[in-house]
Amino acid sequence: RPVPLLVKIAPDLSDEDVDAVAELAAELGLEGVVAVNTTIAHDLGPGGVSGPPVLARGLDVVARLRNRLGPDVVIIGVGGVSTPADALEYLAVGATLVQGYTGFIYRGPLWAARIGRALAKAEAA
């Protein structure tokens with residue numbers, strides 16, 4: 001059985017480059033795309049920035065990928081997920097799954113449980 005392969009892309013890609021990644025992922029038969037990584041488009045010194053500064057672009061990229069890839073390809077929404085509303089927004093624009101990291105680091109180990117409960121409550125409604 002082949003190992004599922006997803007590619008992770010940066011928020012700094014142009015829309016045309018996001019489209020090209022979607023086309024290549026479909027052509028290669030990849031199982032999905034993880035969108036987005038850290039951004040280097042900032043004035044805070046060297047290195048990438050994650051968390052809330054990438055949320056808006058992350059949502060745009062996920063929506064664009066979903067439009068290009070259709071309903072069957074896995075898209076993991078990443079970047080700026082601090083609240084349940086952020087996670088729900090990623091799901092609303094087409095993410096199959098949502099990944100959080102910065103929120104976990106700054107809000108503690110119970111952060112994931114709070115997000116999970118809120119998502120379960122929203123799904124039940």
# chains A, B, ... in the order shown; residues from 1 in each chain; ligands from 1
call {"tool": "residues_around", "arguments": {"residues": "Pro52 in chain A", "least_positions_apart": "6", "cutoff": "12 Å", "atoms": "only C-alpha atoms", "output": "list in words"}}
result
Val36, Thr38, Thr39, Gly58, Leu59, Val78, Gly79, Gly80, Val81, Ser82, Thr83, Asp86, Gly100, Tyr101, Thr102, Gly103 and Tyr106 of chain A
call {"tool": "write_last_selection", "arguments": {"atoms": "all heavy atoms", "output": "JSON list (two decimals), in the first residue's frame"}}
result
[["chain", "number", "residue", "atom", "x", "y", "z"],
["A", 36, "VAL", "N", -1.09, 26.59, 5.21],
["A", 36, "VAL", "CA", 0.16, 27.14, 4.73],
["A", 36, "VAL", "C", 1.26, 27.00, 5.77],
["A", 36, "VAL", "O", 0.99, 26.75, 6.93],
["A", 36, "VAL", "CB", 0.01, 28.63, 4.36],
["A", 36, "VAL", "CG1", -0.97, 28.81, 3.22],
["A", 36, "VAL", "CG2", -0.43, 29.49, 5.55],
["A", 38, "THR", "N", 5.06, 28.87, 7.28],
["A", 38, "THR", "CA", 5.37, 30.20, 7.82],
["A", 38, "THR", "C", 5.61, 31.18, 6.68],
["A", 38, "THR", "O", 5.91, 30.81, 5.55],
["A", 38, "THR", "CB", 6.63, 30.14, 8.69],
["A", 38, "THR", "OG1", 7.71, 29.63, 7.91],
["A", 38, "THR", "CG2", 6.42, 29.28, 9.91],
["A", 39, "THR", "N", 5.48, 32.47, 7.00],
["A", 39, "THR", "CA", 5.74, 33.52, 6.01],
["A", 39, "THR", "C", 7.09, 34.19, 6.29],
["A", 39, "THR", "O", 7.48, 34.35, 7.45],
["A", 39, "THR", "CB", 4.63, 34.58, 6.01],
["A", 39, "THR", "OG1", 4.92, 35.55, 4.99],
["A", 39, "THR", "CG2", 4.48, 35.30, 7.34],
["A", 58, "GLY", "N", -3.76, 32.14, 4.69],
["A", 58, "GLY", "CA", -4.02, 30.71, 4.78],
["A", 58, "GLY", "C", -5.44, 30.37, 4.33],
["A", 58, "GLY", "O", -5.65, 29.41, 3.58],
["A", 59, "LEU", "N", -6.39, 31.15, 4.77],
["A", 59, "LEU", "CA", -7.78, 30.93, 4.36],
["A", 59, "LEU", "C", -7.95, 31.11, 2.86],
["A", 59, "LEU", "O", -8.64, 30.32, 2.20],
["A", 59, "LEU", "CB", -8.71, 31.87, 5.12],
["A", 59, "LEU", "CG", -8.82, 31.61, 6.63],
["A", 59, "LEU", "CD1", -9.48, 32.79, 7.32],
["A", 59, "LEU", "CD2", -9.56, 30.32, 6.89],
["A", 78, "VAL", "N", -3.72, 25.30, 7.82],
["A", 78, "VAL", "CA", -2.74, 25.60, 8.86],
["A", 78, "VAL", "C", -2.43, 27.09, 8.82],
["A", 78, "VAL", "O", -2.33, 27.68, 7.75],
["A", 78, "VAL", "CB", -1.42, 24.83, 8.62],
["A", 78, "VAL", "CG1", -0.43, 25.09, 9.73],
["A", 78, "VAL", "CG2", -1.66, 23.36, 8.43],
["A", 79, "GLY", "N", -2.22, 27.66, 9.96],
["A", 79, "GLY", "CA", -1.74, 29.03, 10.02],
["A", 79, "GLY", "C", -2.72, 29.95, 10.72],
["A", 79, "GLY", "O", -3.79, 30.23, 10.20],
["A", 80, "GLY", "N", -2.38, 30.36, 11.91],
["A", 80, "GLY", "CA", -3.18, 31.33, 12.62],
["A", 80, "GLY", "C", -4.38, 30.76, 13.34],
["A", 80, "GLY", "O", -5.28, 31.50, 13.72],
["A", 81, "VAL", "N", -4.40, 29.47, 13.55],
["A", 81, "VAL", "CA", -5.54, 28.86, 14.25],
["A", 81, "VAL", "C", -5.34, 29.08, 15.75],
["A", 81, "VAL", "O", -4.59, 28.37, 16.40],
["A", 81, "VAL", "CB", -5.67, 27.36, 13.93],
["A", 81, "VAL", "CG1", -6.86, 26.76, 14.68],
["A", 81, "VAL", "CG2", -5.80, 27.14, 12.44],
["A", 82, "SER", "N", -6.01, 30.10, 16.27],
["A", 82, "SER", "CA", -5.91, 30.42, 17.69],
["A", 82, "SER", "C", -7.20, 30.16, 18.42],
["A", 82, "SER", "O", -7.20, 29.90, 19.62],
["A", 82, "SER", "CB", -5.54, 31.90, 17.87],
["A", 82, "SER", "OG", -4.28, 32.18, 17.31],
["A", 83, "THR", "N", -8.33, 30.25, 17.71],
["A", 83, "THR", "CA", -9.64, 30.13, 18.33],
["A", 83, "THR", "C", -10.47, 29.10, 17.58],
["A", 83, "THR", "O", -10.17, 28.76, 16.43],
["A", 83, "THR", "CB", -10.38, 31.47, 18.29],
["A", 83, "THR", "OG1", -10.69, 31.78, 16.92],
["A", 83, "THR", "CG2", -9.55, 32.60, 18.91],
["A", 86, "ASP", "N", -11.43, 30.38, 14.21],
["A", 86, "ASP", "CA", -10.41, 30.24, 13.17],
["A", 86, "ASP", "C", -10.49, 28.85, 12.54],
["A", 86, "ASP", "O", -10.44, 28.71, 11.32],
["A", 86, "ASP", "CB", -9.01, 30.45, 13.75],
["A", 86, "ASP", "CG", -8.78, 31.83, 14.34],
["A", 86, "ASP", "OD1", -9.46, 32.79, 13.91],
["A", 86, "ASP", "OD2", -7.93, 31.92, 15.25],
["A", 100, "GLY", "N", -3.08, 22.99, 14.19],
["A", 100, "GLY", "CA", -2.67, 24.13, 15.00],
["A", 100, "GLY", "C", -1.34, 23.87, 15.66],
["A", 100, "GLY", "O", -1.03, 22.73, 16.01],
["A", 101, "TYR", "N", -0.57, 24.90, 15.82],
["A", 101, "TYR", "CA", 0.70, 24.76, 16.53],
["A", 101, "TYR", "C", 0.95, 25.99, 17.41],
["A", 101, "TYR", "O", 1.09, 25.86, 18.61],
["A", 101, "TYR", "CB", 1.86, 24.57, 15.56],
["A", 101, "TYR", "CG", 3.18, 24.40, 16.28],
["A", 101, "TYR", "CD1", 3.50, 23.20, 16.91],
["A", 101, "TYR", "CD2", 4.08, 25.45, 16.38],
["A", 101, "TYR", "CE1", 4.69, 23.05, 17.60],
["A", 101, "TYR", "CE2", 5.27, 25.30, 17.07],
["A", 101, "TYR", "CZ", 5.58, 24.11, 17.68],
["A", 101, "TYR", "OH", 6.74, 23.97, 18.37],
["A", 102, "THR", "N", 0.97, 27.16, 16.82],
["A", 102, "THR", "CA", 1.26, 28.37, 17.59],
["A", 102, "THR", "C", 0.23, 28.57, 18.70],
["A", 102, "THR", "O", 0.59, 28.92, 19.83],
["A", 102, "THR", "CB", 1.33, 29.61, 16.67],
["A", 102, "THR", "OG1", 2.31, 29.36, 15.66],
["A", 102, "THR", "CG2", 1.70, 30.85, 17.44],
["A", 103, "GLY", "N", -1.04, 28.32, 18.41],
["A", 103, "GLY", "CA", -2.07, 28.43, 19.43],
["A", 103, "GLY", "C", -1.81, 27.49, 20.59],
["A", 103, "GLY", "O", -1.99, 27.85, 21.76],
["A", 106, "TYR", "N", 1.17, 28.93, 22.71],
["A", 106, "TYR", "CA", 0.88, 30.10, 23.52],
["A", 106, "TYR", "C", -0.33, 29.95, 24.44],
["A", 106, "TYR", "O", -0.45, 30.69, 25.41],
["A", 106, "TYR", "CB", 0.70, 31.33, 22.62],
["A", 106, "TYR", "CG", 2.01, 31.79, 22.05],
["A", 106, "TYR", "CD1", 2.34, 31.56, 20.73],
["A", 106, "TYR", "CD2", 2.95, 32.43, 22.85],
["A", 106, "TYR", "CE1", 3.55, 31.96, 20.20],
["A", 106, "TYR", "CE2", 4.17, 32.83, 22.35],
["A", 106, "TYR", "CZ", 4.46, 32.60, 21.01],
["A", 106, "TYR", "OH", 5.66, 32.99, 20.51]]
call {"tool": "select_by_dssp", "arguments": {"residues": "chain A", "states": "strand (DSSP E or B)", "output": "PDB file with N, CA, C and O atoms, in the first residue's frame"}}
result
ATOM      1  N   LEU A   6       1.542  14.294   1.020  1.00  0.00           N
ATOM      2  CA  LEU A   6       0.989  15.632   0.914  1.00  0.00           C
ATOM      3  C   LEU A   6       2.157  16.597   0.774  1.00  0.00           C
ATOM      4  O   LEU A   6       3.247  16.340   1.282  1.00  0.00           O
ATOM      5  N   VAL A   7       1.932  17.711   0.120  1.00  0.00           N
ATOM      6  CA  VAL A   7       2.951  18.743  -0.012  1.00  0.00           C
ATOM      7  C   VAL A   7       2.495  19.955   0.798  1.00  0.00           C
ATOM      8  O   VAL A   7       1.317  20.284   0.838  1.00  0.00           O
ATOM      9  N   LYS A   8       3.449  20.596   1.490  1.00  0.00           N
ATOM     10  CA  LYS A   8       3.148  21.783   2.301  1.00  0.00           C
ATOM     11  C   LYS A   8       3.648  23.014   1.569  1.00  0.00           C
ATOM     12  O   LYS A   8       4.787  23.034   1.097  1.00  0.00           O
ATOM     13  N   ILE A   9       2.783  24.020   1.468  1.00  0.00           N
ATOM     14  CA  ILE A   9       3.157  25.212   0.708  1.00  0.00           C
ATOM     15  C   ILE A   9       3.128  26.461   1.588  1.00  0.00           C
ATOM     16  O   ILE A   9       2.442  26.508   2.605  1.00  0.00           O
ATOM     17  N   GLY A  32      -2.871  15.117  -1.031  1.00  0.00           N
ATOM     18  CA  GLY A  32      -3.328  16.412  -0.554  1.00  0.00           C
ATOM     19  C   GLY A  32      -2.258  17.459  -0.450  1.00  0.00           C
ATOM     20  O   GLY A  32      -1.105  17.260  -0.828  1.00  0.00           O
ATOM     21  N   VAL A  33      -2.696  18.579   0.105  1.00  0.00           N
ATOM     22  CA  VAL A  33      -1.850  19.755   0.272  1.00  0.00           C
ATOM     23  C   VAL A  33      -2.050  20.289   1.686  1.00  0.00           C
ATOM     24  O   VAL A  33      -3.175  20.339   2.186  1.00  0.00           O
ATOM     25  N   VAL A  34      -0.959  20.699   2.302  1.00  0.00           N
ATOM     26  CA  VAL A  34      -0.997  21.362   3.600  1.00  0.00           C
ATOM     27  C   VAL A  34      -0.754  22.842   3.335  1.00  0.00           C
ATOM     28  O   VAL A  34       0.261  23.213   2.767  1.00  0.00           O
ATOM     29  N   ALA A  35      -1.716  23.660   3.726  1.00  0.00           N
ATOM     30  CA  ALA A  35      -1.613  25.090   3.430  1.00  0.00           C
ATOM     31  C   ALA A  35      -1.955  25.881   4.692  1.00  0.00           C
ATOM     32  O   ALA A  35      -3.044  25.748   5.211  1.00  0.00           O
ATOM     33  N   THR A  39       5.482  32.474   6.997  1.00  0.00           N
ATOM     34  CA  THR A  39       5.744  33.521   6.011  1.00  0.00           C
ATOM     35  C   THR A  39       7.089  34.187   6.289  1.00  0.00           C
ATOM     36  O   THR A  39       7.479  34.345   7.447  1.00  0.00           O
ATOM     37  N   VAL A  49       7.562  33.586  10.151  1.00  0.00           N
ATOM     38  CA  VAL A  49       6.591  33.947  11.176  1.00  0.00           C
ATOM     39  C   VAL A  49       5.343  33.104  10.944  1.00  0.00           C
ATOM     40  O   VAL A  49       4.898  32.924   9.811  1.00  0.00           O
ATOM     41  N   VAL A  74      -7.381  15.816   0.030  1.00  0.00           N
ATOM     42  CA  VAL A  74      -7.230  16.300   1.401  1.00  0.00           C
ATOM     43  C   VAL A  74      -6.512  17.645   1.384  1.00  0.00           C
ATOM     44  O   VAL A  74      -5.474  17.793   0.737  1.00  0.00           O
ATOM     45  N   ILE A  75      -7.078  18.605   2.099  1.00  0.00           N
ATOM     46  CA  ILE A  75      -6.424  19.894   2.291  1.00  0.00           C
ATOM     47  C   ILE A  75      -6.404  20.161   3.788  1.00  0.00           C
ATOM     48  O   ILE A  75      -7.454  20.171   4.438  1.00  0.00           O
ATOM     49  N   ILE A  76      -5.200  20.349   4.317  1.00  0.00           N
ATOM     50  CA  ILE A  76      -5.042  20.635   5.733  1.00  0.00           C
ATOM     51  C   ILE A  76      -4.817  22.130   5.879  1.00  0.00           C
ATOM     52  O   ILE A  76      -3.846  22.671   5.349  1.00  0.00           O
ATOM     53  N   GLY A  77      -5.732  22.790   6.576  1.00  0.00           N
ATOM     54  CA  GLY A  77      -5.629  24.227   6.817  1.00  0.00           C
ATOM     55  C   GLY A  77      -4.747  24.495   8.021  1.00  0.00           C
ATOM     56  O   GLY A  77      -4.997  23.977   9.109  1.00  0.00           O
ATOM     57  N   VAL A  78      -3.721  25.301   7.822  1.00  0.00           N
ATOM     58  CA  VAL A  78      -2.740  25.605   8.863  1.00  0.00           C
ATOM     59  C   VAL A  78      -2.427  27.089   8.820  1.00  0.00           C
ATOM     60  O   VAL A  78      -2.327  27.676   7.748  1.00  0.00           O
ATOM     61  N   LEU A  97      -9.075  19.020   7.135  1.00  0.00           N
ATOM     62  CA  LEU A  97      -8.541  18.955   8.496  1.00  0.00           C
ATOM     63  C   LEU A  97      -7.936  20.307   8.837  1.00  0.00           C
ATOM     64  O   LEU A  97      -7.610  21.093   7.943  1.00  0.00           O
ATOM     65  N   VAL A  98      -7.763  20.554  10.123  1.00  0.00           N
ATOM     66  CA  VAL A  98      -7.134  21.793  10.582  1.00  0.00           C
ATOM     67  C   VAL A  98      -5.987  21.427  11.514  1.00  0.00           C
ATOM     68  O   VAL A  98      -6.140  20.564  12.379  1.00  0.00           O
ATOM     69  N   GLN A  99      -4.860  22.095  11.311  1.00  0.00           N
ATOM     70  CA  GLN A  99      -3.688  21.862  12.165  1.00  0.00           C
ATOM     71  C   GLN A  99      -3.389  23.137  12.938  1.00  0.00           C
ATOM     72  O   GLN A  99      -3.447  24.235  12.384  1.00  0.00           O
TER      73      GLN A  99
END
call {"tool": "residues_around", "arguments": {"residues": "Ala122 in chain A", "least_positions_apart": "5", "cutoff": "10 Å", "atoms": "only C-alpha atoms", "output": "short mmCIF file (atom, residue, chain, number, x, y, z; two decimals) with C-alpha atoms, in the first residue's frame"}}
result
data_model
loop_
_atom_site.label_atom_id
_atom_site.label_comp_id
_atom_site.auth_asym_id
_atom_site.auth_seq_id
_atom_site.Cartn_x
_atom_site.Cartn_y
_atom_site.Cartn_z
CA PRO A 84 -12.46 27.76 17.47
CA ALA A 85 -13.72 30.42 15.06
CA LEU A 88 -14.32 26.71 11.74
CA GLY A 116 -12.09 20.08 19.72
CA ARG A 117 -15.10 20.68 21.99
#
call {"tool": "closest_residue", "arguments": {"among": "A:Glu31, A:Thr96, A:Tyr90, A:Ala26", "to": "Leu55 in chain A", "atoms": "only C-alpha atoms"}}
result
A:Tyr90
